[in-house]
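K.L.:
Coordinates in final19.tsv, TSV, C-alpha atoms, are listed below.
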chain	number	residue	atom	x	y	z
A	1	MET	CA	93.71	-19.34	38.07
A	2	PRO	CA	90.95	-19.69	40.58
A	3	GLY	CA	91.98	-20.66	44.01
A	4	GLY	CA	89.00	-22.59	45.08
A	5	ALA	CA	89.02	-26.26	45.96
A	6	TRP	CA	86.95	-29.26	44.74
A	7	SER	CA	84.93	-31.14	47.28
A	8	PRO	CA	85.50	-34.91	46.91
A	9	SER	CA	82.14	-35.75	48.37
A	10	CYS	CA	79.94	-33.84	45.96
A	11	LEU	CA	82.28	-33.03	43.08
A	12	LEU	CA	81.44	-29.36	43.40
A	13	PHE	CA	83.76	-26.46	42.95
A	14	ILE	CA	83.94	-24.47	46.20
A	15	PRO	CA	85.11	-20.87	45.74
A	16	ASN	CA	87.53	-19.46	48.32
A	17	SER	CA	87.09	-15.76	47.63
A	18	PRO	CA	84.29	-13.27	46.85
A	19	GLU	CA	85.66	-12.75	43.31
A	20	GLU	CA	85.39	-16.44	42.58
A	21	VAL	CA	81.80	-16.44	43.83
A	22	GLU	CA	80.91	-13.48	41.58
A	23	MET	CA	82.55	-15.12	38.56
A	24	MET	CA	80.61	-18.32	39.13
A	25	GLN	CA	77.31	-16.44	39.35
A	26	LEU	CA	78.10	-14.61	36.07
A	27	LYS	CA	78.76	-17.94	34.33
A	28	HIS	CA	75.42	-19.28	35.59
A	29	VAL	CA	73.60	-16.27	34.12
A	30	VAL	CA	75.31	-16.61	30.72
A	31	PHE	CA	74.61	-20.37	30.52
A	32	ALA	CA	70.95	-19.81	31.50
A	33	GLY	CA	70.56	-17.15	28.78
A	34	LEU	CA	72.12	-19.39	26.14
A	35	ALA	CA	69.81	-22.24	27.16
A	36	ALA	CA	66.72	-20.02	26.87
A	37	PHE	CA	67.81	-18.73	23.45
A	38	ALA	CA	68.40	-22.26	22.21
A	39	MET	CA	64.96	-23.36	23.41
A	40	GLU	CA	63.20	-20.39	21.75
A	41	PHE	CA	64.83	-20.85	18.35
A	42	ASP	CA	65.19	-24.62	18.56
A	43	ILE	CA	68.97	-24.60	18.26
A	44	PRO	CA	70.35	-28.14	18.67
A	45	SER	CA	72.53	-28.80	21.63
A	46	MET	CA	76.21	-29.29	21.15
A	47	GLY	CA	77.00	-32.79	20.16
A	48	GLN	CA	73.26	-33.81	19.81
A	49	PRO	CA	71.42	-34.53	16.48
A	50	ALA	CA	68.74	-32.03	15.36
A	51	ILE	CA	65.13	-33.05	16.21
A	52	ALA	CA	62.71	-32.52	13.26
A	53	ASN	CA	59.93	-30.16	14.29
A	54	ALA	CA	57.86	-30.59	11.11
A	55	ALA	CA	56.46	-33.42	9.02
A	56	THR	CA	56.52	-33.69	5.26
A	57	LEU	CA	53.85	-35.20	2.97
A	58	THR	CA	54.56	-38.68	1.77
A	59	ALA	CA	54.10	-39.62	-1.87
A	60	GLU	CA	51.03	-41.66	-0.91
A	61	GLN	CA	49.48	-38.71	0.94
A	62	THR	CA	50.15	-36.36	-1.95
A	63	ALA	CA	48.64	-38.83	-4.42
A	64	ALA	CA	45.52	-39.26	-2.23
A	65	PHE	CA	45.08	-35.51	-1.84
A	66	LYS	CA	45.53	-34.94	-5.58
A	67	SER	CA	42.99	-37.68	-6.29
A	68	LYS	CA	40.42	-35.92	-4.11
A	69	LEU	CA	41.25	-32.65	-5.83
A	70	GLU	CA	40.70	-34.22	-9.24
A	71	GLN	CA	37.38	-35.69	-8.09
A	72	ALA	CA	36.32	-32.28	-6.83
A	73	GLU	CA	37.27	-30.65	-10.13
A	74	ALA	CA	35.32	-33.33	-12.01
A	75	SER	CA	32.26	-32.71	-9.81
A	76	ARG	CA	32.60	-28.98	-10.40
A	77	GLU	CA	32.74	-29.54	-14.16
A	78	LEU	CA	29.71	-31.84	-13.93
A	79	LEU	CA	27.71	-29.17	-12.12
A	80	GLY	CA	28.91	-26.56	-14.59
A	81	ARG	CA	27.72	-28.65	-17.54
A	82	ARG	CA	24.36	-29.22	-15.89
A	83	SER	CA	24.00	-25.49	-15.28
A	84	VAL	CA	24.72	-24.72	-18.94
A	85	CYS	CA	22.37	-27.48	-20.12
A	86	LEU	CA	19.58	-26.31	-17.84
A	87	MET	CA	20.14	-22.75	-19.06
A	88	ASP	CA	19.69	-23.95	-22.65
A	89	HIS	CA	16.54	-25.78	-21.61
A	90	LEU	CA	15.35	-22.65	-19.82
A	91	THR	CA	15.84	-20.62	-23.00
A	92	ALA	CA	13.83	-23.17	-24.98
A	93	GLN	CA	11.07	-23.16	-22.35
A	94	GLN	CA	10.94	-19.37	-22.40
A	95	GLN	CA	10.58	-19.39	-26.19
A	96	LEU	CA	7.88	-22.05	-25.96
A	97	SER	CA	6.12	-19.98	-23.30
A	98	ALA	CA	6.23	-16.94	-25.60
A	99	ASP	CA	4.74	-19.01	-28.43
A	100	ARG	CA	2.02	-20.27	-26.11
A	101	GLU	CA	1.32	-16.74	-24.95
A	102	LYS	CA	0.88	-15.70	-28.58
A	103	ALA	CA	-1.38	-18.68	-29.27
A	104	LEU	CA	-3.34	-17.84	-26.14
A	105	GLY	CA	-3.90	-14.30	-27.37
A	106	GLU	CA	-4.99	-15.54	-30.80
A	107	ALA	CA	-7.35	-18.09	-29.25
A	108	MET	CA	-8.83	-15.41	-27.02
A	109	TYR	CA	-9.39	-13.06	-30.00
A	110	LEU	CA	-10.93	-15.91	-32.01
A	111	GLN	CA	-13.16	-16.83	-29.08
A	112	ILE	CA	-14.44	-13.26	-28.81
A	113	GLU	CA	-15.08	-13.11	-32.57
A	114	LEU	CA	-16.88	-16.45	-32.59
A	115	GLU	CA	-19.01	-15.43	-29.62
A	116	ARG	CA	-20.07	-12.40	-31.63
A	117	GLN	CA	-20.85	-14.57	-34.65
A	118	VAL	CA	-22.84	-17.02	-32.54
A	119	VAL	CA	-24.97	-14.18	-31.18
A	120	GLN	CA	-25.43	-12.87	-34.71
A	121	SER	CA	-26.39	-16.32	-36.00
A	122	GLU	CA	-28.82	-16.83	-33.14
A	123	THR	CA	-30.47	-13.53	-34.05
A	124	SER	CA	-30.65	-14.61	-37.70
A	125	VAL	CA	-32.14	-17.96	-36.78
A	126	LYS	CA	-34.77	-16.27	-34.66
A	127	GLY	CA	-35.59	-13.86	-37.49
A	128	TYR	CA	-35.92	-16.63	-40.08
A	129	GLU	CA	-37.98	-18.74	-37.71
A	130	GLU	CA	-40.40	-15.86	-37.44
A	131	LEU	CA	-40.34	-15.42	-41.25
A	132	VAL	CA	-41.04	-19.12	-41.82
A	133	GLN	CA	-43.90	-18.96	-39.37
A	134	SER	CA	-45.31	-15.90	-41.13
A	135	GLU	CA	-44.94	-17.41	-44.61
A	136	ASN	CA	-46.43	-20.66	-43.42
A	137	GLU	CA	-49.46	-18.84	-42.07
A	138	ASN	CA	-49.70	-16.90	-45.34
A	139	VAL	CA	-49.61	-20.10	-47.38
A	140	LYS	CA	-52.35	-21.59	-45.25
A	141	ALA	CA	-54.47	-18.48	-45.69
A	142	ARG	CA	-53.90	-18.39	-49.46
A	143	GLN	CA	-54.61	-22.08	-49.69
A	144	ALA	CA	-57.87	-21.63	-47.82
A	145	THR	CA	-58.83	-18.78	-50.15
A	146	PHE	CA	-57.92	-20.86	-53.16
A	147	GLU	CA	-59.89	-23.85	-51.90
A	148	LYS	CA	-62.88	-21.60	-51.26
A	149	ALA	CA	-62.62	-20.14	-54.77
A	150	ARG	CA	-62.33	-23.57	-56.32
A	151	LYS	CA	-65.42	-24.73	-54.42
A	152	GLU	CA	-67.23	-21.64	-55.57
A	153	ARG	CA	-66.16	-22.39	-59.13
A	154	ASP	CA	-67.54	-25.90	-58.91
A	155	GLU	CA	-70.81	-24.59	-57.52
A	156	GLN	CA	-70.95	-22.02	-60.29
A	157	ALA	CA	-70.55	-24.76	-62.86
A	158	LYS	CA	-73.43	-26.62	-61.27
A	159	ARG	CA	-75.56	-23.49	-61.36
A	160	VAL	CA	-74.79	-22.94	-65.05
A	161	LYS	CA	-75.73	-26.52	-65.74
A	162	ILE	CA	-79.04	-26.14	-63.90
A	163	CYS	CA	-79.66	-22.83	-65.59
A	164	SER	CA	-79.05	-24.36	-68.99
A	165	GLY	CA	-81.45	-27.18	-68.17
A	166	VAL	CA	-84.18	-24.80	-67.13
A	167	LEU	CA	-83.65	-22.07	-69.68
A	168	PHE	CA	-82.79	-24.36	-72.50
A	169	PHE	CA	-84.70	-22.15	-74.81
A	170	LEU	CA	-82.40	-19.24	-73.89
A	171	PRO	CA	-79.00	-20.93	-73.61
A	172	GLY	CA	-77.03	-17.75	-74.10
A	173	ILE	CA	-78.26	-16.24	-70.88
A	174	CYS	CA	-76.66	-18.87	-68.66
A	175	GLN	CA	-73.33	-18.75	-70.51
A	176	ALA	CA	-73.32	-14.98	-70.38
A	177	GLY	CA	-73.78	-15.03	-66.63
A	178	ASP	CA	-71.00	-17.57	-66.22
A	179	ALA	CA	-68.67	-15.48	-68.39
A	180	ALA	CA	-69.46	-12.40	-66.34
A	181	VAL	CA	-68.53	-14.20	-63.12
A	182	LYS	CA	-65.27	-15.52	-64.59
A	183	ALA	CA	-64.41	-12.10	-65.90
A	184	LEU	CA	-64.09	-10.84	-62.32
A	185	GLY	CA	-60.86	-12.98	-61.99
A	186	TRP	CA	-61.21	-13.81	-58.32
A	187	MET	CA	-60.58	-17.48	-59.01
A	188	ASN	CA	-57.39	-16.71	-60.92
A	189	ASP	CA	-56.20	-14.26	-58.27
A	190	ALA	CA	-56.69	-16.77	-55.49
A	191	GLU	CA	-54.82	-19.46	-57.36
A	192	ARG	CA	-51.96	-17.13	-58.32
A	193	GLU	CA	-51.51	-15.86	-54.76
A	194	TYR	CA	-51.53	-19.41	-53.45
A	195	ARG	CA	-49.00	-20.59	-56.04
A	196	THR	CA	-46.58	-17.70	-55.27
A	197	ALA	CA	-46.91	-17.99	-51.50
A	198	GLN	CA	-45.58	-21.53	-51.42
A	199	PRO	CA	-42.15	-20.73	-52.99
A	200	ARG	CA	-41.69	-17.88	-50.55
A	201	LEU	CA	-42.28	-20.33	-47.72
A	202	ASP	CA	-39.83	-22.80	-49.25
A	203	ASN	CA	-37.19	-20.07	-49.60
A	204	ALA	CA	-37.70	-18.98	-45.99
A	205	ARG	CA	-37.32	-22.58	-44.81
A	206	ALA	CA	-34.12	-23.01	-46.84
A	207	ALA	CA	-32.71	-19.77	-45.44
A	208	LEU	CA	-33.61	-20.88	-41.92
A	209	GLU	CA	-31.81	-24.18	-42.48
A	210	GLY	CA	-28.76	-22.28	-43.72
A	211	VAL	CA	-28.54	-19.94	-40.73
A	212	ARG	CA	-29.12	-22.88	-38.39
A	213	ASN	CA	-26.19	-24.73	-39.98
A	214	GLN	CA	-24.10	-21.59	-39.68
A	215	LEU	CA	-25.07	-21.28	-36.03
A	216	GLU	CA	-24.07	-24.89	-35.33
A	217	ASN	CA	-20.79	-24.38	-37.17
A	218	ASN	CA	-20.06	-21.22	-35.19
A	219	ARG	CA	-20.89	-23.00	-31.97
A	220	ARG	CA	-18.51	-25.87	-32.83
A	221	GLN	CA	-15.77	-23.40	-33.69
A	222	LEU	CA	-16.45	-21.50	-30.48
A	223	ALA	CA	-16.21	-24.69	-28.43
A	224	ALA	CA	-12.90	-25.55	-30.14
A	225	ALA	CA	-11.60	-22.02	-29.53
A	226	GLN	CA	-12.63	-22.21	-25.87
A	227	GLN	CA	-10.85	-25.55	-25.51
A	228	SER	CA	-7.76	-24.17	-27.24
A	229	HIS	CA	-7.83	-21.14	-24.98
A	230	ALA	CA	-8.06	-23.34	-21.90
A	231	GLU	CA	-5.26	-25.63	-23.10
A	232	ASN	CA	-2.96	-22.72	-23.92
A	233	GLN	CA	-3.77	-21.05	-20.63
A	234	LYS	CA	-2.91	-24.25	-18.76
A	235	ALA	CA	0.25	-24.74	-20.84
A	236	VAL	CA	1.39	-21.18	-20.14
A	237	LYS	CA	0.84	-21.67	-16.42
A	238	THR	CA	2.73	-24.98	-16.45
A	239	LEU	CA	5.60	-23.46	-18.43
A	240	GLU	CA	5.85	-20.50	-16.08
A	241	GLU	CA	6.05	-22.88	-13.12
A	242	GLN	CA	8.75	-24.90	-14.89
A	243	ILE	CA	10.67	-21.73	-15.76
A	244	THR	CA	10.57	-20.63	-12.13
A	245	LYS	CA	11.87	-24.03	-10.99
A	246	LEU	CA	14.57	-24.04	-13.66
A	247	LYS	CA	15.78	-20.60	-12.61
A	248	ALA	CA	15.88	-21.67	-8.96
A	249	ALA	CA	17.77	-24.90	-9.81
A	250	ILE	CA	20.29	-23.05	-11.99
A	251	SER	CA	20.87	-20.48	-9.26
A	252	THR	CA	21.36	-23.19	-6.63
A	253	ILE	CA	23.78	-25.11	-8.85
A	254	ASN	CA	25.75	-21.96	-9.61
A	255	VAL	CA	26.11	-21.29	-5.89
A	256	LYS	CA	27.39	-24.84	-5.43
A	257	VAL	CA	29.85	-24.35	-8.31
A	258	GLN	CA	31.09	-21.22	-6.59
A	259	ASP	CA	31.57	-23.24	-3.39
A	260	PHE	CA	33.64	-25.70	-5.38
A	261	ASN	CA	35.68	-22.86	-6.89
A	262	ILE	CA	36.55	-21.56	-3.44
A	263	GLN	CA	37.27	-24.98	-1.97
A	264	VAL	CA	39.29	-26.16	-4.97
A	265	GLY	CA	41.29	-22.92	-4.96
A	266	ASN	CA	42.00	-23.12	-1.24
A	267	PHE	CA	42.85	-26.81	-1.38
A	268	THR	CA	45.13	-26.36	-4.40
A	269	SER	CA	47.06	-23.55	-2.69
A	270	ALA	CA	47.31	-25.42	0.61
A	271	LEU	CA	48.44	-28.60	-1.12
A	272	LYS	CA	51.14	-26.71	-3.02
A	273	GLU	CA	52.43	-25.07	0.14
A	274	ALA	CA	52.36	-28.33	2.08
A	275	SER	CA	54.28	-30.09	-0.67
A	276	GLU	CA	57.24	-27.72	-0.41
A	277	VAL	CA	60.41	-28.56	1.50
A	278	ASN	CA	60.01	-28.79	5.26
A	279	PRO	CA	56.45	-27.43	5.66
A	280	ASP	CA	55.28	-26.94	9.20
A	281	ASP	CA	52.62	-29.11	10.85
A	282	ALA	CA	49.99	-26.38	10.66
A	283	LYS	CA	50.00	-26.44	6.87
A	284	ILE	CA	49.67	-30.19	6.79
A	285	ARG	CA	46.78	-30.01	9.24
A	286	GLN	CA	45.20	-27.38	6.97
A	287	VAL	CA	45.54	-29.64	3.94
A	288	THR	CA	44.01	-32.52	5.89
A	289	ARG	CA	41.08	-30.33	6.99
A	290	LEU	CA	40.49	-28.96	3.50
A	291	SER	CA	40.77	-32.47	2.08
A	292	ALA	CA	37.96	-33.63	4.37
A	293	GLU	CA	35.82	-30.61	3.45
A	294	ILE	CA	36.30	-30.99	-0.29
A	295	ASP	CA	35.72	-34.76	-0.03
A	296	GLY	CA	32.40	-34.13	1.73
A	297	LEU	CA	31.49	-31.53	-0.89
A	298	THR	CA	32.24	-33.98	-3.69
A	299	LYS	CA	30.37	-36.91	-2.14
A	300	ASP	CA	27.31	-34.70	-1.60
A	301	VAL	CA	26.99	-33.91	-5.34
A	302	PRO	CA	24.64	-36.82	-6.31
A	303	GLN	CA	22.25	-36.06	-3.45
A	304	PHE	CA	22.53	-32.35	-4.18
A	305	ILE	CA	21.62	-32.88	-7.85
A	306	SER	CA	18.74	-35.19	-6.92
A	307	SER	CA	17.20	-32.72	-4.46
A	308	THR	CA	17.89	-29.62	-6.57
A	309	GLU	CA	16.37	-31.08	-9.75
A	310	ALA	CA	13.51	-32.92	-8.04
A	311	GLY	CA	10.82	-30.55	-9.30
A	312	LEU	CA	12.18	-30.11	-12.83
A	313	PRO	CA	10.35	-31.53	-15.88
A	314	ASP	CA	11.39	-35.03	-16.90
A	315	ASP	CA	12.69	-33.94	-20.30
A	316	ALA	CA	15.06	-31.44	-18.64
A	317	LYS	CA	16.39	-34.06	-16.23
A	318	LYS	CA	16.79	-36.58	-19.04
A	319	GLN	CA	18.46	-34.07	-21.35
A	320	CYS	CA	20.89	-32.74	-18.76
A	321	GLY	CA	21.43	-35.94	-16.79
A	322	SER	CA	23.79	-37.55	-19.26
Please express the file's structure as structure tokens.

P.N.:
Amino acid sequence: MPGGAWSPSCLLFIPNSPEEVEMMQLKHVVFAGLAAFAMEFDIPSMGQPAIANAATLTAEQTAAFKSKLEQAEASRELLGRRSVCLMDHLTAQQQLSADREKALGEAMYLQIELERQVVQSETSVKGYEELVQSENENVKARQATFEKARKERDEQAKRVKICSGVLFFLPGICQAGDAAVKALGWMNDAEREYRTAQPRLDNARAALEGVRNQLENNRRQLAAAQQSHAENQKAVKTLEEQITKLKAAISTINVKVQDFNIQVGNFTSALKEASEVNPDDAKIRQVTRLSAEIDGLTKDVPQFISSTEAGLPDDAKKQCGS
């Protein structure tokens, strides 16, 4: 038993020997070590209730977090559907663009062919105009010759009549002279050439009218082909611009869907861990942080869709907006 004495004034144990002093120092070291160990590993003190060092999620918190998770999953599905819909629309636009490209090529070929036909018709018109002019001049010349011959015939008849009046006693001489003149046939030749020249002129005029009509028809077809070429060219350009915008929108939406995949995955895992028995505060803080992030991501979806699809054609937005 130790031989030391208690001091009434301070209620302290006062050792009387060096051994008692050494024993007291050893006890102090052991108690200090035990206290440090208990503080490090959070061991409750003897006779004291354990202090909880971690919080658990309440049912209300879990329900709120799950609600945000469901909203995020719904937004992800919405974006996924829009991406698929826009991809279908992109496929249709690409097919339409290919059809327009084909029509553009056909219109270009037709335009080249009609330009060639117009040049050919213009050459034909010019040729027939020259032919009509030549035949018209020929008819005028033959008509003048015929009129001259007819006048000569009338004068000849007058001369025969005068001759018969003077040489009435030799009537056969005047008739013989008239017969000799008629036998030369110049009157008949002039009339025949005049009569045949007129139909040739009429035929040339009819042919000229025909090639002129053909020229006008070719010009109308050429104008229509040029308009078709311009419309198809414009349509192809517009479609290519729309296709570029659709591809960009689909890519942007897919990136956003991937963001949702990551956030939903992280939030789901963190929520599961935080819902287990006695999770530490760090996990709950992580769930709270991820909840705020995924909530912001979800609330941004309408504005994101509006800005991403701003330049898309109206039919695409209407088709994929439901």

K.L.:
Within 8 Å of Val125 in chain A, counting all atoms listed in the file, which residues qualify if same-chain residues fewer than 6 places away don't, as a list of chain:residue names?

P.N.:
A:Leu208, A:Val211, A:Arg212, A:Leu215

K.L.:
I need the residue nearest Glu106 in chain A from this list: A:Ala74, A:Ala141, A:Val84, A:Ala225. Use all atoms listed in the file for the distance.

P.N.:
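Under the stated criterion, the closest residue is A:Ala225.
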
K.L.:
Hey, can you check how far CA of Leu79 in chain A sits from CA of Asn261 in chain A?

P.N.:
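Atom-to-atom, CA of Leu79 in chain A to CA of Asn261 in chain A, that is 11.4 Å.
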
K.L.:
For Gln94 in chain A, work out the shell of residues within 10 Å, counting only C-alpha atoms and skipping chain neighbours fewer than 2 positions away, then give it as a list in words.

P.N.:
Asp88, His89, Leu90, Thr91, Ala92, Leu96, Ser97, Ala98, Asp99, Arg100, Val236, Leu239, Glu240, Gln242 and Ile243 of chain A

K.L.:
Would you mind listing what lies within 12 Å of Gly127 in chain A as an MDAnalysis selection string, with all atoms listed in the file counted and same-chain residues fewer than 3 positions away left out?

P.N.:
chainID A and resid 120:124 130:134 204:205 207:208 211:212

K.L.:
Any chance you can output those residues with C-alpha atoms as a compact mmCIF listing (two decimals), in the coordinates of the input?

P.N.:
# COMPACT_ATOMS: atom_id res chain seq x y z
CA GLN A 120 -25.43 -12.87 -34.71
CA SER A 121 -26.39 -16.32 -36.00
CA GLU A 122 -28.82 -16.83 -33.14
CA THR A 123 -30.47 -13.53 -34.05
CA SER A 124 -30.65 -14.61 -37.70
CA GLU A 130 -40.40 -15.86 -37.44
CA LEU A 131 -40.34 -15.42 -41.25
CA VAL A 132 -41.04 -19.12 -41.82
CA GLN A 133 -43.90 -18.96 -39.37
CA SER A 134 -45.31 -15.90 -41.13
CA ALA A 204 -37.70 -18.98 -45.99
CA ARG A 205 -37.32 -22.58 -44.81
CA ALA A 207 -32.71 -19.77 -45.44
CA LEU A 208 -33.61 -20.88 -41.92
CA VAL A 211 -28.54 -19.94 -40.73
CA ARG A 212 -29.12 -22.88 -38.39

K.L.:
Please report the interatomic distance between CA of Gln303 in chain A and CA of Glu241 in chain A in Å with one decimal.

P.N.:
23.0 Å

K.L.:
Leaving out Phe304 in chain A and any residue of its chain fewer than 5 positions from it, which residues lie within 12 Å of it when counting all atoms listed in the file, given as a ChimeraX atom specification?

P.N.:
/A:75,79,249,252-253,255-257,296-299,309-310

K.L.:
Mind completing range 303-321 of chain A with N, CA and C atoms? Output as a PDB file, in the frame of the given file, please?

P.N.:
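What ended up in selection04.pdb:
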ATOM      1  N   GLN A 303      23.433 -36.411  -4.232  1.00  0.00           N
ATOM      2  CA  GLN A 303      22.250 -36.060  -3.450  1.00  0.00           C
ATOM      3  C   GLN A 303      21.847 -34.617  -3.711  1.00  0.00           C
ATOM      4  N   PHE A 304      22.826 -33.757  -3.878  1.00  0.00           N
ATOM      5  CA  PHE A 304      22.530 -32.350  -4.180  1.00  0.00           C
ATOM      6  C   PHE A 304      21.798 -32.220  -5.510  1.00  0.00           C
ATOM      7  N   ILE A 305      22.269 -32.929  -6.534  1.00  0.00           N
ATOM      8  CA  ILE A 305      21.620 -32.880  -7.850  1.00  0.00           C
ATOM      9  C   ILE A 305      20.204 -33.434  -7.754  1.00  0.00           C
ATOM     10  N   SER A 306      20.053 -34.557  -7.049  1.00  0.00           N
ATOM     11  CA  SER A 306      18.740 -35.190  -6.920  1.00  0.00           C
ATOM     12  C   SER A 306      17.731 -34.250  -6.255  1.00  0.00           C
ATOM     13  N   SER A 307      18.127 -33.608  -5.178  1.00  0.00           N
ATOM     14  CA  SER A 307      17.200 -32.720  -4.460  1.00  0.00           C
ATOM     15  C   SER A 307      16.976 -31.416  -5.217  1.00  0.00           C
ATOM     16  N   THR A 308      18.014 -30.893  -5.860  1.00  0.00           N
ATOM     17  CA  THR A 308      17.890 -29.620  -6.570  1.00  0.00           C
ATOM     18  C   THR A 308      17.009 -29.756  -7.808  1.00  0.00           C
ATOM     19  N   GLU A 309      17.107 -30.889  -8.493  1.00  0.00           N
ATOM     20  CA  GLU A 309      16.370 -31.080  -9.750  1.00  0.00           C
ATOM     21  C   GLU A 309      15.095 -31.898  -9.555  1.00  0.00           C
ATOM     22  N   ALA A 310      14.684 -32.074  -8.315  1.00  0.00           N
ATOM     23  CA  ALA A 310      13.510 -32.920  -8.040  1.00  0.00           C
ATOM     24  C   ALA A 310      12.252 -32.406  -8.731  1.00  0.00           C
ATOM     25  N   GLY A 311      12.045 -31.101  -8.745  1.00  0.00           N
ATOM     26  CA  GLY A 311      10.820 -30.550  -9.300  1.00  0.00           C
ATOM     27  C   GLY A 311      10.897 -30.184 -10.762  1.00  0.00           C
ATOM     28  N   LEU A 312      12.011 -30.483 -11.428  1.00  0.00           N
ATOM     29  CA  LEU A 312      12.180 -30.110 -12.830  1.00  0.00           C
ATOM     30  C   LEU A 312      11.412 -31.074 -13.732  1.00  0.00           C
ATOM     31  N   PRO A 313      11.030 -30.624 -14.940  1.00  0.00           N
ATOM     32  CA  PRO A 313      10.350 -31.530 -15.880  1.00  0.00           C
ATOM     33  C   PRO A 313      11.256 -32.688 -16.275  1.00  0.00           C
ATOM     34  N   ASP A 314      10.634 -33.819 -16.595  1.00  0.00           N
ATOM     35  CA  ASP A 314      11.390 -35.030 -16.900  1.00  0.00           C
ATOM     36  C   ASP A 314      12.313 -34.843 -18.102  1.00  0.00           C
ATOM     37  N   ASP A 315      11.856 -34.107 -19.118  1.00  0.00           N
ATOM     38  CA  ASP A 315      12.690 -33.940 -20.300  1.00  0.00           C
ATOM     39  C   ASP A 315      13.960 -33.160 -19.977  1.00  0.00           C
ATOM     40  N   ALA A 316      13.865 -32.206 -19.050  1.00  0.00           N
ATOM     41  CA  ALA A 316      15.060 -31.440 -18.640  1.00  0.00           C
ATOM     42  C   ALA A 316      16.031 -32.339 -17.906  1.00  0.00           C
ATOM     43  N   LYS A 317      15.514 -33.152 -16.969  1.00  0.00           N
ATOM     44  CA  LYS A 317      16.390 -34.060 -16.230  1.00  0.00           C
ATOM     45  C   LYS A 317      17.026 -35.108 -17.145  1.00  0.00           C
ATOM     46  N   LYS A 318      16.261 -35.578 -18.118  1.00  0.00           N
ATOM     47  CA  LYS A 318      16.790 -36.580 -19.040  1.00  0.00           C
ATOM     48  C   LYS A 318      17.831 -35.957 -19.963  1.00  0.00           C
ATOM     49  N   GLN A 319      17.549 -34.762 -20.436  1.00  0.00           N
ATOM     50  CA  GLN A 319      18.460 -34.070 -21.350  1.00  0.00           C
ATOM     51  C   GLN A 319      19.763 -33.700 -20.678  1.00  0.00           C
ATOM     52  N   CYS A 320      19.703 -33.252 -19.443  1.00  0.00           N
ATOM     53  CA  CYS A 320      20.890 -32.740 -18.760  1.00  0.00           C
ATOM     54  C   CYS A 320      21.500 -33.766 -17.806  1.00  0.00           C
ATOM     55  N   GLY A 321      20.934 -34.953 -17.735  1.00  0.00           N
ATOM     56  CA  GLY A 321      21.430 -35.940 -16.790  1.00  0.00           C
ATOM     57  C   GLY A 321      22.530 -36.815 -17.343  1.00  0.00           C
TER      58      GLY A 321
END
